[in-house]
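Report on the following structure.
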Amino acid sequence: MAVGKIGSGPEAELFDRYNERLRPKLNVIEIADGKGSPIEIKRREADAILAAIPDGAFAVALDLGPVAPRSEVLASRLSMWVETGKPLAFIIGGAEGLEARVLKRANHVLSLGPLTWPHMLVRVMLAEQLYRGRAIASGHPYHRSGRPE
């Protein structure tokens, strides 16, 4: 689930490109942007997000953080999450970020690094990393792990 509507621009096209490759495809639930003060926006978005998380789902909240996992580590985690048999719910907040209640509900908090990204690009980056993770797990050559650092 993601706060905001992606529309039909280049971000949507890139998201669709990776989502078409995923099995199963991501089903995106768009949460309306909150209105009001920053605190009120976060509260309203959190209410909507928490209501939209399926019962029993393994929730992964995307949030700023100094440490982002390497793609191989994310691939391993993704495999473990899939093996739980629970539905996966990835949560992307809006411009104000995620309220503490959402982070507390999350089973895991995933960082794409310490940089702030537009939430429409985060959808694309997450879809690509999920595709990459599944490719790594299946031995597909999409990921080039032998690349020198």
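Note on naming: chains are A, B, ... as they come in the structure tokens, residues start from 1 per chain, ligands start from 1 in the order shown.
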
### Task
Determine, counting only C-alpha atoms, which protein, DNA and RNA residues have an atom within 10 Å of an atom of stretch 54-57 of chain A; residues of the same chain fewer than 3 positions away are not included. Present the result as number ranges by chain.
A: 50-51, 60, 84-90, 106-107

### A:Met120 environment, 8 Å, only C-alpha atoms, sequence neighbours closer than 3 positions dropped, as a count of residues only
5

### 10 Å contact set for A:Tyr142, only C-alpha atoms, chain neighbours under 4 positions out, as a VMD selection string
chain A and resid 131 to 136

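The two atoms in question, atom CA of A:Ala2 and atom CA of A:Asp47, are spaced 13.1 Å apart.
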
### Query
So which one's closest to A:Phe15, A:Ala75, A:Ala52, A:Leu126, A:Val3? Using only C-alpha atoms, please.
A:Leu126

#### Entry: Backbone DSSP call of alpha helix (DSSP H) for chain A, listed as a ChimeraX atom specification
/A:10-21,38-52,71-83,100-105,119-138

### Distance of atom CA of A:Arg70 from atom CA of A:Asn27, expressed in Å to one decimal place
24.8 Å

Non-local contacts of A:Met125 (12 Å; only C-alpha atoms; under 2 positions in same chain excluded) as a short mmCIF file (atom, residue, chain, number, x, y, z; two decimals) with C-alpha atoms, in the first residue's frame:
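Writing the result to part.cif gives the following:
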data_model
loop_
_atom_site.label_atom_id
_atom_site.label_comp_id
_atom_site.auth_asym_id
_atom_site.auth_seq_id
_atom_site.Cartn_x
_atom_site.Cartn_y
_atom_site.Cartn_z
CA GLU A 11 6.99 6.59 -12.51
CA ALA A 12 3.85 4.57 -13.27
CA LEU A 14 8.55 2.08 -14.59
CA PHE A 15 6.51 0.56 -11.78
CA ASP A 16 4.40 -1.35 -14.33
CA ARG A 17 7.56 -2.60 -16.09
CA TYR A 18 8.78 -4.34 -12.93
CA ASN A 19 5.36 -5.34 -11.68
CA LEU A 62 9.57 1.43 4.23
CA SER A 71 20.21 -6.89 -2.45
CA ILE A 92 5.05 3.31 1.64
CA SER A 111 15.26 1.19 4.56
CA LEU A 112 16.33 2.07 1.05
CA GLY A 113 19.05 4.21 2.64
CA TRP A 117 13.12 9.65 -2.02
CA PRO A 118 9.87 10.81 -3.61
CA HIS A 119 7.27 8.25 -2.59
CA MET A 120 6.32 7.63 -6.24
CA LEU A 121 9.92 6.60 -6.97
CA VAL A 122 9.97 4.40 -3.87
CA ARG A 123 7.23 2.29 -5.50
CA ALA A 127 9.18 -3.26 -7.23
CA GLU A 128 12.62 -3.49 -8.83
CA GLN A 129 14.21 -4.78 -5.62
CA LEU A 130 11.45 -7.37 -5.17
CA TYR A 131 12.02 -8.53 -8.74
CA ARG A 132 15.78 -8.57 -8.14
CA GLY A 133 15.29 -10.50 -4.90
#

### Query
Suppose you want the space between atom CA of A:Ser76 and atom CA of A:Ile31; what is it in Å?
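Atom CA of A:Ile31 lies at a distance of 28.8 Å from atom CA of A:Ser76.
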
Check the DSSP output for the backbone and give back, as a short mmCIF file (atom, residue, chain, number, x, y, z; two decimals) with C-alpha atoms, in the first residue's frame, the residues of stretch 23-97 of chain A in strand (DSSP E).
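Heads up, here's the output in out_19.cif:
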data_model
loop_
_atom_site.label_atom_id
_atom_site.label_comp_id
_atom_site.auth_asym_id
_atom_site.auth_seq_id
_atom_site.Cartn_x
_atom_site.Cartn_y
_atom_site.Cartn_z
CA GLU A 30 -3.50 3.62 -2.82
CA ILE A 31 -4.15 5.60 0.35
CA PHE A 58 3.43 -9.74 7.42
CA ALA A 59 3.84 -5.97 7.18
CA VAL A 60 7.03 -4.35 5.90
CA ALA A 61 7.20 -0.58 6.38
CA LEU A 62 9.57 1.43 4.23
CA LEU A 88 2.96 -9.61 2.50
CA ALA A 89 2.03 -5.96 2.89
CA PHE A 90 4.64 -3.39 1.94
CA ILE A 91 3.85 0.08 3.26
CA ILE A 92 5.05 3.31 1.64
#

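Considering only C-alpha atoms, the residue among A:Leu26, A:Leu110, A:Glu20, A:Glu13 positioned nearest to A:Ala68 is A:Leu110.
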
#### Entry: Of the listed residues A:Pro66, A:Gly7, A:Gly94, A:Pro114, that which approaches A:Ala48 most closely, counting only C-alpha atoms
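Ranking A:Pro66, A:Gly7, A:Gly94, A:Pro114 by distance to A:Ala48, first place goes to A:Gly94.
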
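Nearest-residue note for A:Trp81: choosing from A:Lys25, A:Glu45, A:His108, A:Lys35, the minimum distance belongs to A:His108, counting only C-alpha atoms.
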
### Summary
For A:Ala46, the closest of A:Lys104, A:Arg21, A:Lys5, A:Arg77 counting only C-alpha atoms is A:Lys104

#### Entry: Nearest to A:Ile49 by atom-to-atom distance, counting only C-alpha atoms, from A:Leu78, A:Val73, A:Leu64, A:Ala32
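With only C-alpha atoms as the atom set, the closest residue is A:Ala32.
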